[in-house]
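Structure data follow from structure_20.cif (mmCIF, N, CA and C atoms and all ligand atoms):
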data_input
#
loop_
_atom_site.label_atom_id
_atom_site.label_comp_id
_atom_site.auth_asym_id
_atom_site.auth_seq_id
_atom_site.Cartn_x
_atom_site.Cartn_y
_atom_site.Cartn_z
N MET L 29 104.36 18.17 165.86
CA MET L 29 105.10 18.86 166.92
C MET L 29 106.55 18.42 166.99
N ARG L 30 106.90 17.32 166.30
CA ARG L 30 108.27 16.83 166.44
C ARG L 30 109.34 17.83 165.99
N PRO L 31 109.15 18.51 164.84
CA PRO L 31 110.17 19.50 164.44
C PRO L 31 110.32 20.62 165.46
N LEU L 32 109.20 21.02 166.05
CA LEU L 32 109.26 22.10 167.04
C LEU L 32 110.08 21.68 168.24
N LYS L 33 109.92 20.41 168.65
CA LYS L 33 110.71 19.92 169.78
C LYS L 33 112.19 19.99 169.46
N ALA L 34 112.54 19.62 168.24
CA ALA L 34 113.95 19.66 167.83
C ALA L 34 114.48 21.09 167.89
N VAL L 35 113.67 22.01 167.41
CA VAL L 35 114.07 23.42 167.43
C VAL L 35 114.21 23.91 168.86
N PHE L 36 113.29 23.45 169.70
CA PHE L 36 113.35 23.86 171.10
C PHE L 36 114.64 23.37 171.74
N ALA L 37 114.99 22.12 171.45
CA ALA L 37 116.24 21.56 172.00
C ALA L 37 117.42 22.38 171.50
N LEU L 38 117.37 22.76 170.24
CA LEU L 38 118.44 23.57 169.66
C LEU L 38 118.53 24.92 170.37
N SER L 39 117.37 25.52 170.63
CA SER L 39 117.40 26.84 171.27
C SER L 39 117.93 26.75 172.69
N ILE L 40 117.68 25.63 173.37
CA ILE L 40 118.27 25.45 174.70
C ILE L 40 119.79 25.41 174.57
N GLY L 41 120.26 24.66 173.59
CA GLY L 41 121.71 24.58 173.35
C GLY L 41 122.31 25.94 173.11
N LEU L 42 121.64 26.74 172.28
CA LEU L 42 122.13 28.08 171.98
C LEU L 42 122.13 28.96 173.23
N THR L 43 121.08 28.83 174.03
CA THR L 43 120.98 29.62 175.26
C THR L 43 122.14 29.31 176.19
N LEU L 44 122.42 28.02 176.35
CA LEU L 44 123.52 27.62 177.21
C LEU L 44 124.83 28.17 176.68
N LEU L 45 125.00 28.08 175.37
CA LEU L 45 126.21 28.56 174.73
C LEU L 45 126.37 30.07 174.94
N LEU L 46 125.29 30.80 174.71
CA LEU L 46 125.34 32.25 174.86
C LEU L 46 125.65 32.63 176.31
N THR L 47 125.04 31.92 177.24
CA THR L 47 125.29 32.20 178.65
C THR L 47 126.76 31.97 178.97
N ALA L 48 127.28 30.87 178.42
CA ALA L 48 128.66 30.53 178.70
C ALA L 48 129.63 31.57 178.12
N CYS L 49 129.21 32.22 177.03
CA CYS L 49 130.10 33.14 176.34
C CYS L 49 130.06 34.57 176.89
N SER L 50 129.00 34.90 177.64
CA SER L 50 128.88 36.29 178.08
C SER L 50 129.74 36.56 179.30
N GLY L 51 131.00 36.75 179.06
CA GLY L 51 131.94 36.95 180.14
C GLY L 51 131.82 38.33 180.76
N VAL L 52 132.04 38.42 182.05
CA VAL L 52 132.01 39.71 182.74
C VAL L 52 133.23 40.51 182.30
N GLY L 53 133.01 41.80 182.05
CA GLY L 53 134.13 42.67 181.71
C GLY L 53 134.52 42.65 180.25
N SER L 54 133.75 41.94 179.41
CA SER L 54 134.06 41.97 177.99
C SER L 54 133.74 43.36 177.43
N VAL L 55 134.56 43.81 176.51
CA VAL L 55 134.38 45.14 175.95
C VAL L 55 133.56 45.04 174.68
N ALA L 56 132.42 45.72 174.66
CA ALA L 56 131.56 45.69 173.49
C ALA L 56 132.15 46.60 172.41
N PRO L 57 132.13 46.14 171.15
CA PRO L 57 132.61 47.00 170.07
C PRO L 57 131.64 48.15 169.83
N ALA L 58 132.10 49.17 169.11
CA ALA L 58 131.23 50.30 168.79
C ALA L 58 130.01 49.79 168.02
N GLN L 59 128.84 50.23 168.42
CA GLN L 59 127.61 49.71 167.85
C GLN L 59 126.92 50.77 167.00
N THR L 60 126.36 50.32 165.90
CA THR L 60 125.49 51.17 165.13
C THR L 60 124.07 50.95 165.63
N THR L 61 123.38 52.03 165.92
CA THR L 61 122.00 51.92 166.39
C THR L 61 121.08 51.68 165.20
N VAL L 62 120.19 50.73 165.34
CA VAL L 62 119.24 50.46 164.27
C VAL L 62 117.82 50.45 164.81
N ALA L 63 116.89 50.64 163.92
CA ALA L 63 115.47 50.54 164.26
C ALA L 63 114.84 49.49 163.35
N VAL L 64 114.02 48.65 163.95
CA VAL L 64 113.38 47.57 163.20
C VAL L 64 111.87 47.75 163.28
N THR L 65 111.21 47.64 162.15
CA THR L 65 109.75 47.57 162.16
C THR L 65 109.33 46.25 161.55
N MET L 66 108.22 45.70 162.04
CA MET L 66 107.73 44.42 161.55
C MET L 66 106.38 44.59 160.88
N ASN L 67 106.21 43.92 159.74
CA ASN L 67 104.92 43.85 159.08
C ASN L 67 104.56 42.39 158.88
N VAL L 68 103.26 42.13 158.78
CA VAL L 68 102.79 40.76 158.60
C VAL L 68 101.87 40.69 157.39
N LEU L 69 101.88 39.54 156.74
CA LEU L 69 100.99 39.29 155.60
C LEU L 69 100.49 37.85 155.72
N PRO L 70 99.22 37.57 155.83
CA PRO L 70 98.12 38.56 155.82
C PRO L 70 98.09 39.39 157.11
N ASP L 71 97.40 40.51 157.04
CA ASP L 71 97.24 41.40 158.19
C ASP L 71 95.76 41.70 158.37
N PRO L 72 95.10 41.26 159.43
CA PRO L 72 95.67 40.58 160.58
C PRO L 72 96.09 39.13 160.28
N PRO L 73 97.11 38.65 160.98
CA PRO L 73 97.63 37.30 160.73
C PRO L 73 96.70 36.23 161.27
N VAL L 74 96.61 35.12 160.55
CA VAL L 74 95.77 34.00 160.95
C VAL L 74 96.60 32.72 160.99
N VAL L 75 96.02 31.65 161.55
CA VAL L 75 96.70 30.37 161.61
C VAL L 75 97.10 29.93 160.20
N GLY L 76 98.31 29.42 160.08
CA GLY L 76 98.84 28.99 158.78
C GLY L 76 100.09 29.77 158.46
N ASP L 77 100.43 29.81 157.18
CA ASP L 77 101.65 30.51 156.77
C ASP L 77 101.44 32.03 156.84
N VAL L 78 102.34 32.67 157.54
CA VAL L 78 102.32 34.12 157.65
C VAL L 78 103.69 34.64 157.26
N LEU L 79 103.71 35.60 156.35
CA LEU L 79 104.97 36.23 155.98
C LEU L 79 105.26 37.35 156.98
N LEU L 80 106.40 37.23 157.63
CA LEU L 80 106.87 38.30 158.50
C LEU L 80 107.96 39.03 157.75
N TYR L 81 107.84 40.34 157.65
CA TYR L 81 108.96 41.05 157.04
C TYR L 81 109.34 42.26 157.88
N PHE L 82 110.63 42.48 157.88
CA PHE L 82 111.23 43.45 158.78
C PHE L 82 111.96 44.50 157.97
N ASN L 83 111.78 45.74 158.38
CA ASN L 83 112.47 46.85 157.75
C ASN L 83 113.51 47.34 158.75
N VAL L 84 114.78 47.26 158.38
CA VAL L 84 115.87 47.63 159.28
C VAL L 84 116.57 48.87 158.75
N VAL L 85 116.58 49.92 159.56
CA VAL L 85 117.27 51.16 159.17
C VAL L 85 118.24 51.56 160.28
N ASP L 86 119.28 52.27 159.89
CA ASP L 86 120.25 52.74 160.88
C ASP L 86 119.82 54.10 161.44
N ASP L 87 120.67 54.68 162.29
CA ASP L 87 120.27 55.93 162.95
C ASP L 87 120.21 57.11 161.99
N GLN L 88 120.68 56.92 160.76
CA GLN L 88 120.53 57.95 159.74
C GLN L 88 119.29 57.71 158.87
N GLY L 89 118.56 56.65 159.20
CA GLY L 89 117.39 56.31 158.39
C GLY L 89 117.73 55.54 157.13
N GLN L 90 119.02 55.12 157.02
CA GLN L 90 119.45 54.38 155.83
C GLN L 90 119.20 52.88 156.01
N PRO L 91 118.75 52.21 154.94
CA PRO L 91 118.51 50.77 155.05
C PRO L 91 119.79 50.00 155.39
N VAL L 92 119.65 49.01 156.27
CA VAL L 92 120.77 48.15 156.64
C VAL L 92 120.67 46.88 155.81
N THR L 93 121.62 46.69 154.90
CA THR L 93 121.61 45.50 154.05
C THR L 93 122.75 44.57 154.46
N GLY L 94 122.63 43.32 154.06
CA GLY L 94 123.69 42.34 154.32
C GLY L 94 123.79 41.89 155.75
N ALA L 95 122.75 42.11 156.53
CA ALA L 95 122.77 41.68 157.93
C ALA L 95 122.31 40.23 158.05
N GLU L 96 122.70 39.61 159.15
CA GLU L 96 122.15 38.31 159.49
C GLU L 96 120.96 38.58 160.41
N VAL L 97 119.79 38.13 159.99
CA VAL L 97 118.57 38.42 160.76
C VAL L 97 117.92 37.11 161.20
N ASN L 98 118.03 36.85 162.48
CA ASN L 98 117.44 35.64 163.05
C ASN L 98 116.13 35.98 163.74
N VAL L 99 115.16 35.09 163.53
CA VAL L 99 113.81 35.34 164.04
C VAL L 99 113.38 34.17 164.91
N MET L 100 112.88 34.49 166.10
CA MET L 100 112.34 33.46 166.97
C MET L 100 110.90 33.80 167.29
N ALA L 101 110.04 32.79 167.23
CA ALA L 101 108.63 32.99 167.57
C ALA L 101 108.30 32.13 168.78
N ASP L 102 107.73 32.75 169.78
CA ASP L 102 107.42 32.05 171.03
C ASP L 102 105.93 32.19 171.31
N HIS L 103 105.24 31.06 171.35
CA HIS L 103 103.81 31.10 171.68
C HIS L 103 103.69 31.31 173.18
N THR L 104 103.51 32.56 173.58
CA THR L 104 103.62 32.91 175.00
C THR L 104 102.46 32.39 175.84
N ASP L 105 101.38 31.92 175.17
CA ASP L 105 100.28 31.32 175.91
C ASP L 105 100.66 29.93 176.45
N MET L 106 101.76 29.37 175.93
CA MET L 106 102.19 28.03 176.32
C MET L 106 103.66 28.12 176.71
N SER L 107 104.14 27.09 177.40
CA SER L 107 105.57 27.10 177.68
C SER L 107 106.30 26.16 176.73
N GLY L 108 107.39 26.63 176.20
CA GLY L 108 108.25 25.77 175.40
C GLY L 108 107.85 25.59 173.96
N MET L 109 106.90 26.39 173.45
CA MET L 109 106.53 26.25 172.04
C MET L 109 107.18 27.38 171.25
N THR L 110 108.31 27.07 170.64
CA THR L 110 109.05 28.09 169.91
C THR L 110 109.42 27.60 168.52
N MET L 111 109.64 28.56 167.66
CA MET L 111 110.15 28.28 166.31
C MET L 111 111.28 29.26 166.05
N GLN L 112 112.14 28.88 165.13
CA GLN L 112 113.30 29.72 164.89
C GLN L 112 113.72 29.62 163.44
N GLY L 113 114.19 30.72 162.87
CA GLY L 113 114.65 30.68 161.49
C GLY L 113 115.41 31.93 161.13
N THR L 114 115.94 31.94 159.93
CA THR L 114 116.70 33.09 159.45
C THR L 114 115.92 33.78 158.34
N ALA L 115 115.70 35.08 158.49
CA ALA L 115 115.02 35.84 157.46
C ALA L 115 115.99 36.12 156.32
N THR L 116 115.46 36.11 155.10
CA THR L 116 116.33 36.33 153.95
C THR L 116 116.32 37.79 153.53
N ASP L 117 117.48 38.22 153.08
CA ASP L 117 117.71 39.61 152.68
C ASP L 117 117.01 39.88 151.36
N GLN L 118 116.05 40.79 151.38
CA GLN L 118 115.30 41.14 150.16
C GLN L 118 115.88 42.39 149.51
N GLY L 119 116.94 42.96 150.10
CA GLY L 119 117.47 44.23 149.62
C GLY L 119 116.74 45.40 150.27
N LYS L 120 117.36 46.57 150.18
CA LYS L 120 116.77 47.81 150.69
C LYS L 120 116.39 47.74 152.17
N GLY L 121 117.08 46.91 152.92
CA GLY L 121 116.83 46.84 154.36
C GLY L 121 115.64 45.99 154.75
N ILE L 122 115.10 45.23 153.79
CA ILE L 122 113.95 44.38 154.07
C ILE L 122 114.42 42.93 154.21
N TYR L 123 113.96 42.27 155.26
CA TYR L 123 114.27 40.86 155.51
C TYR L 123 112.95 40.15 155.73
N ALA L 124 112.81 38.95 155.14
CA ALA L 124 111.51 38.28 155.19
C ALA L 124 111.65 36.82 155.56
N ILE L 125 110.65 36.31 156.24
CA ILE L 125 110.60 34.89 156.57
C ILE L 125 109.13 34.47 156.63
N THR L 126 108.86 33.29 156.09
CA THR L 126 107.51 32.73 156.20
C THR L 126 107.48 31.81 157.41
N THR L 127 106.51 32.05 158.27
CA THR L 127 106.40 31.29 159.51
C THR L 127 105.05 30.61 159.54
N ASN L 128 105.06 29.31 159.88
CA ASN L 128 103.79 28.59 159.97
C ASN L 128 103.31 28.61 161.42
N PHE L 129 102.32 29.45 161.66
CA PHE L 129 101.73 29.50 163.00
C PHE L 129 100.64 28.44 163.09
N SER L 130 100.82 27.48 163.97
CA SER L 130 99.88 26.37 164.06
C SER L 130 98.79 26.62 165.10
N MET L 131 98.94 27.69 165.88
CA MET L 131 97.96 27.94 166.94
C MET L 131 97.62 29.42 167.03
N THR L 132 96.37 29.67 167.41
CA THR L 132 95.95 31.04 167.67
C THR L 132 96.53 31.52 168.99
N GLY L 133 96.47 32.81 169.20
CA GLY L 133 96.88 33.37 170.49
C GLY L 133 98.03 34.34 170.35
N GLN L 134 98.65 34.61 171.48
CA GLN L 134 99.72 35.60 171.54
C GLN L 134 101.07 34.95 171.24
N TRP L 135 101.78 35.55 170.32
CA TRP L 135 103.13 35.10 170.00
C TRP L 135 104.09 36.28 170.16
N LYS L 136 105.25 35.99 170.70
CA LYS L 136 106.29 37.01 170.79
C LYS L 136 107.33 36.72 169.71
N ILE L 137 107.57 37.71 168.89
CA ILE L 137 108.55 37.57 167.81
C ILE L 137 109.82 38.32 168.24
N THR L 138 110.91 37.59 168.35
CA THR L 138 112.18 38.22 168.69
C THR L 138 113.06 38.24 167.45
N VAL L 139 113.53 39.43 167.10
CA VAL L 139 114.36 39.60 165.91
C VAL L 139 115.76 40.02 166.34
N GLN L 140 116.74 39.29 165.84
CA GLN L 140 118.14 39.65 166.11
C GLN L 140 118.78 40.07 164.81
N VAL L 141 119.34 41.28 164.80
CA VAL L 141 120.02 41.80 163.61
C VAL L 141 121.50 41.87 163.91
N LYS L 142 122.30 41.21 163.07
CA LYS L 142 123.74 41.18 163.31
C LYS L 142 124.54 41.54 162.06
N THR L 143 125.48 42.45 162.25
CA THR L 143 126.52 42.69 161.27
C THR L 143 127.80 42.87 162.09
N SER L 144 128.89 43.23 161.42
CA SER L 144 130.13 43.46 162.18
C SER L 144 129.97 44.63 163.15
N ALA L 145 129.04 45.55 162.84
CA ALA L 145 128.88 46.74 163.67
C ALA L 145 127.55 46.78 164.43
N ILE L 146 126.72 45.75 164.22
CA ILE L 146 125.38 45.76 164.81
C ILE L 146 125.12 44.45 165.55
N ASP L 147 124.60 44.57 166.74
CA ASP L 147 124.09 43.40 167.46
C ASP L 147 122.85 43.88 168.20
N HIS L 148 121.72 43.76 167.52
CA HIS L 148 120.49 44.40 167.99
C HIS L 148 119.38 43.36 168.09
N SER L 149 118.65 43.41 169.18
CA SER L 149 117.55 42.48 169.38
C SER L 149 116.29 43.26 169.74
N GLU L 150 115.19 42.86 169.15
CA GLU L 150 113.94 43.57 169.40
C GLU L 150 112.77 42.58 169.42
N ASP L 151 111.81 42.85 170.30
CA ASP L 151 110.64 41.97 170.42
C ASP L 151 109.39 42.64 169.84
N PHE L 152 108.56 41.82 169.22
CA PHE L 152 107.26 42.28 168.73
C PHE L 152 106.20 41.29 169.20
N ASN L 153 105.03 41.79 169.51
CA ASN L 153 103.93 40.91 169.87
C ASN L 153 102.95 40.84 168.72
N VAL L 154 102.48 39.64 168.46
CA VAL L 154 101.53 39.47 167.39
C VAL L 154 100.44 38.50 167.88
N GLU L 155 99.20 38.81 167.51
CA GLU L 155 98.12 37.92 167.86
C GLU L 155 97.67 37.17 166.61
N ILE L 156 97.74 35.84 166.69
CA ILE L 156 97.30 35.01 165.58
C ILE L 156 95.83 34.65 165.82
N ARG L 157 94.99 34.89 164.83
CA ARG L 157 93.56 34.64 165.01
C ARG L 157 93.11 33.37 164.32
CU CU T 1 101.08 26.69 171.25
#
Rewrite the coordinates I just gave you, this time as structure tokens.
Amino acid sequence: MRPLKAVFALSIGLTLLLTACSGVGSVAPAQTTVAVTMNVLPDPPVVGDVLLYFNVVDDQGQPVTGAEVNVMADHTDMSGMTMQGTATDQGKGIYAITTNFSMTGQWKITVQVKTSAIDHSEDFNVEIR
């Protein structure tokens, strides 16, 4: 559990930073709308290493490549059990990350997709068996 604690501390730091930066009246740049779908391998997912992969397309249905895709997993059955990482660009709008789920139950996967024109966040629920 020690690495998870470190990640949790890091995520608190990021949260504070993000809160501090969200100034009132800031003008958001023009945004490209994207849609994200999540797949898991194995499916259904079980305790252990699970490959999460995300398909990111824009509003024209075109794959979004070269994005920064951050993934957070929160074991919602417990408080404070989170993991965080960056999915790697597989090309064609696919981003993948292997996540080690150490516990069964409900997990919330939050995906953040960022480019110069995109700042999109989406949640997915997954049950680890
Ligand atoms: Cu847990």
Proximity of chain L to ligand CU 1 (chain T): per-residue shortest pair, 8 Å limit, only C-alpha atoms and all ligand atoms, as CSV:
residue,atom,partner,partner_atom,distance
L:His103,CA,T:CU1,CU,5.2
L:Thr104,CA,T:CU1,CU,7.7
L:Asp105,CA,T:CU1,CU,6.6
L:Met106,CA,T:CU1,CU,5.4
L:Ser107,CA,T:CU1,CU,7.9
L:Met109,CA,T:CU1,CU,5.5
L:Ser130,CA,T:CU1,CU,7.3
L:Met131,CA,T:CU1,CU,5.5
L:Thr132,CA,T:CU1,CU,7.6
L:Gly133,CA,T:CU1,CU,7.9
Is there a way to get, as a CSV table (one decimal) with N, CA and C atoms, keeping the file's coordinate frame, all residues within 8 Å of the point (108.6, 29.6, 170.4) in file coordinates, counting only C-alpha atoms?
chain,number,residue,atom,x,y,z
L,36,PHE,N,113.3,23.4,169.7
L,36,PHE,CA,113.4,23.9,171.1
L,36,PHE,C,114.6,23.4,171.7
L,100,MET,N,112.9,34.5,166.1
L,100,MET,CA,112.3,33.5,167.0
L,100,MET,C,110.9,33.8,167.3
L,101,ALA,N,110.0,32.8,167.2
L,101,ALA,CA,108.6,33.0,167.6
L,101,ALA,C,108.3,32.1,168.8
L,102,ASP,N,107.7,32.8,169.8
L,102,ASP,CA,107.4,32.0,171.0
L,102,ASP,C,105.9,32.2,171.3
L,103,HIS,N,105.2,31.1,171.4
L,103,HIS,CA,103.8,31.1,171.7
L,103,HIS,C,103.7,31.3,173.2
L,104,THR,N,103.5,32.6,173.6
L,104,THR,CA,103.6,32.9,175.0
L,104,THR,C,102.5,32.4,175.8
L,108,GLY,N,107.4,26.6,176.2
L,108,GLY,CA,108.2,25.8,175.4
L,108,GLY,C,107.8,25.6,174.0
L,109,MET,N,106.9,26.4,173.4
L,109,MET,CA,106.5,26.2,172.0
L,109,MET,C,107.2,27.4,171.2
L,110,THR,N,108.3,27.1,170.6
L,110,THR,CA,109.0,28.1,169.9
L,110,THR,C,109.4,27.6,168.5
L,111,MET,N,109.6,28.6,167.7
L,111,MET,CA,110.2,28.3,166.3
L,111,MET,C,111.3,29.3,166.0
L,112,GLN,N,112.1,28.9,165.1
L,112,GLN,CA,113.3,29.7,164.9
L,112,GLN,C,113.7,29.6,163.4
L,135,TRP,N,101.8,35.6,170.3
L,135,TRP,CA,103.1,35.1,170.0
L,135,TRP,C,104.1,36.3,170.2
L,136,LYS,N,105.2,36.0,170.7
L,136,LYS,CA,106.3,37.0,170.8
L,136,LYS,C,107.3,36.7,169.7
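Proximity ranking of L:Ala95, L:Val74, L:Met66, L:Ala124 relative to Thr138 of chain L places L:Met66 first, based on only C-alpha atoms.
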**OP:** May I have the residues within 7 Å of Val78 of chain L as an NGL selection string, using only N, CA and C atoms and disregarding those fewer than 3 positions away in the same chain?
**Re:** :L and (68-70 or 73-75 or 125-129)
**OP:** Could you jot down the atom CA of Thr143 of chain L to atom CA of Leu79 of chain L separation for me, Å, one decimal place?
**Re:**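 Separation of atom CA of Thr143 of chain L and atom CA of Leu79 of chain L: 23.1 Å.
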Subject >> Distance of atom C of Gln134 of chain L from atom C of Thr60 of chain L, expressed in Å to one decimal place >> reply: 28.6 Å
**OP:** Have a look at atom N of Asp117 of chain L and atom N of Thr93 of chain L and let me know their distance in Å, one decimal.
**Re:** 9.6 Å
Original post:
So, counting only N, CA and C atoms, which residue among L:Tyr81, L:Ile122, L:Gln140, L:Arg157 is closest to Glu96 of chain L?
Top reply: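 Of L:Tyr81, L:Ile122, L:Gln140, L:Arg157, the one nearest Glu96 of chain L is L:Gln140, counting only N, CA and C atoms.
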Show me, as a PDB file with N, CA and C atoms, in the frame of the given file, the residues that have an atom within 8 Å of Lys142 of chain L when counting all atoms listed in the file, minus same-chain residues fewer than 3 positions from it.
ATOM      1  N   GLY L  94     122.630  43.320 154.060  1.00  0.00           N
ATOM      2  CA  GLY L  94     123.690  42.340 154.320  1.00  0.00           C
ATOM      3  C   GLY L  94     123.790  41.890 155.750  1.00  0.00           C
ATOM      4  N   ALA L  95     122.750  42.110 156.530  1.00  0.00           N
ATOM      5  CA  ALA L  95     122.770  41.680 157.930  1.00  0.00           C
ATOM      6  C   ALA L  95     122.310  40.230 158.050  1.00  0.00           C
ATOM      7  N   GLU L  96     122.700  39.610 159.150  1.00  0.00           N
ATOM      8  CA  GLU L  96     122.150  38.310 159.490  1.00  0.00           C
ATOM      9  C   GLU L  96     120.960  38.580 160.410  1.00  0.00           C
ATOM     10  N   VAL L  97     119.790  38.130 159.990  1.00  0.00           N
ATOM     11  CA  VAL L  97     118.570  38.420 160.760  1.00  0.00           C
ATOM     12  C   VAL L  97     117.920  37.110 161.200  1.00  0.00           C
ATOM     13  N   ASN L  98     118.030  36.850 162.480  1.00  0.00           N
ATOM     14  CA  ASN L  98     117.440  35.640 163.050  1.00  0.00           C
ATOM     15  C   ASN L  98     116.130  35.980 163.740  1.00  0.00           C
ATOM     16  N   VAL L 139     113.530  39.430 167.100  1.00  0.00           N
ATOM     17  CA  VAL L 139     114.360  39.600 165.910  1.00  0.00           C
ATOM     18  C   VAL L 139     115.760  40.020 166.340  1.00  0.00           C
ATOM     19  N   ALA L 145     129.040  45.550 162.840  1.00  0.00           N
ATOM     20  CA  ALA L 145     128.880  46.740 163.670  1.00  0.00           C
ATOM     21  C   ALA L 145     127.550  46.780 164.430  1.00  0.00           C
ATOM     22  N   ILE L 146     126.720  45.750 164.220  1.00  0.00           N
ATOM     23  CA  ILE L 146     125.380  45.760 164.810  1.00  0.00           C
ATOM     24  C   ILE L 146     125.120  44.450 165.550  1.00  0.00           C
ATOM     25  N   ASP L 147     124.600  44.570 166.740  1.00  0.00           N
ATOM     26  CA  ASP L 147     124.090  43.400 167.460  1.00  0.00           C
ATOM     27  C   ASP L 147     122.850  43.880 168.200  1.00  0.00           C
ATOM     28  N   HIS L 148     121.720  43.760 167.520  1.00  0.00           N
ATOM     29  CA  HIS L 148     120.490  44.400 167.990  1.00  0.00           C
ATOM     30  C   HIS L 148     119.380  43.360 168.090  1.00  0.00           C
ATOM     31  N   SER L 149     118.650  43.410 169.180  1.00  0.00           N
ATOM     32  CA  SER L 149     117.550  42.480 169.380  1.00  0.00           C
ATOM     33  C   SER L 149     116.290  43.260 169.740  1.00  0.00           C
TER      34      SER L 149
END
Original post:
Of the residues L:Val85, L:Val62, L:Leu80, L:Ile137, which is the one nearest to Ala115 of chain L, using only N, CA and C atoms?
Top reply: L:Leu80
**OP:** Pick out the closest residue to Asn83 of chain L from this set: L:Glu150, L:Tyr123, L:Glu155, L:Val141. Count all atoms listed in the file.
**Re:**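 Residue with the minimum atom-to-atom distance to Asn83 of chain L: L:Tyr123.
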**OP:** Between L:Phe82, L:Val92, L:Lys120, L:Val154, single out the one closest to Asn67 of chain L, counting only N, CA and C atoms.
**Re:**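 Closest residue, counting only N, CA and C atoms: L:Phe82.
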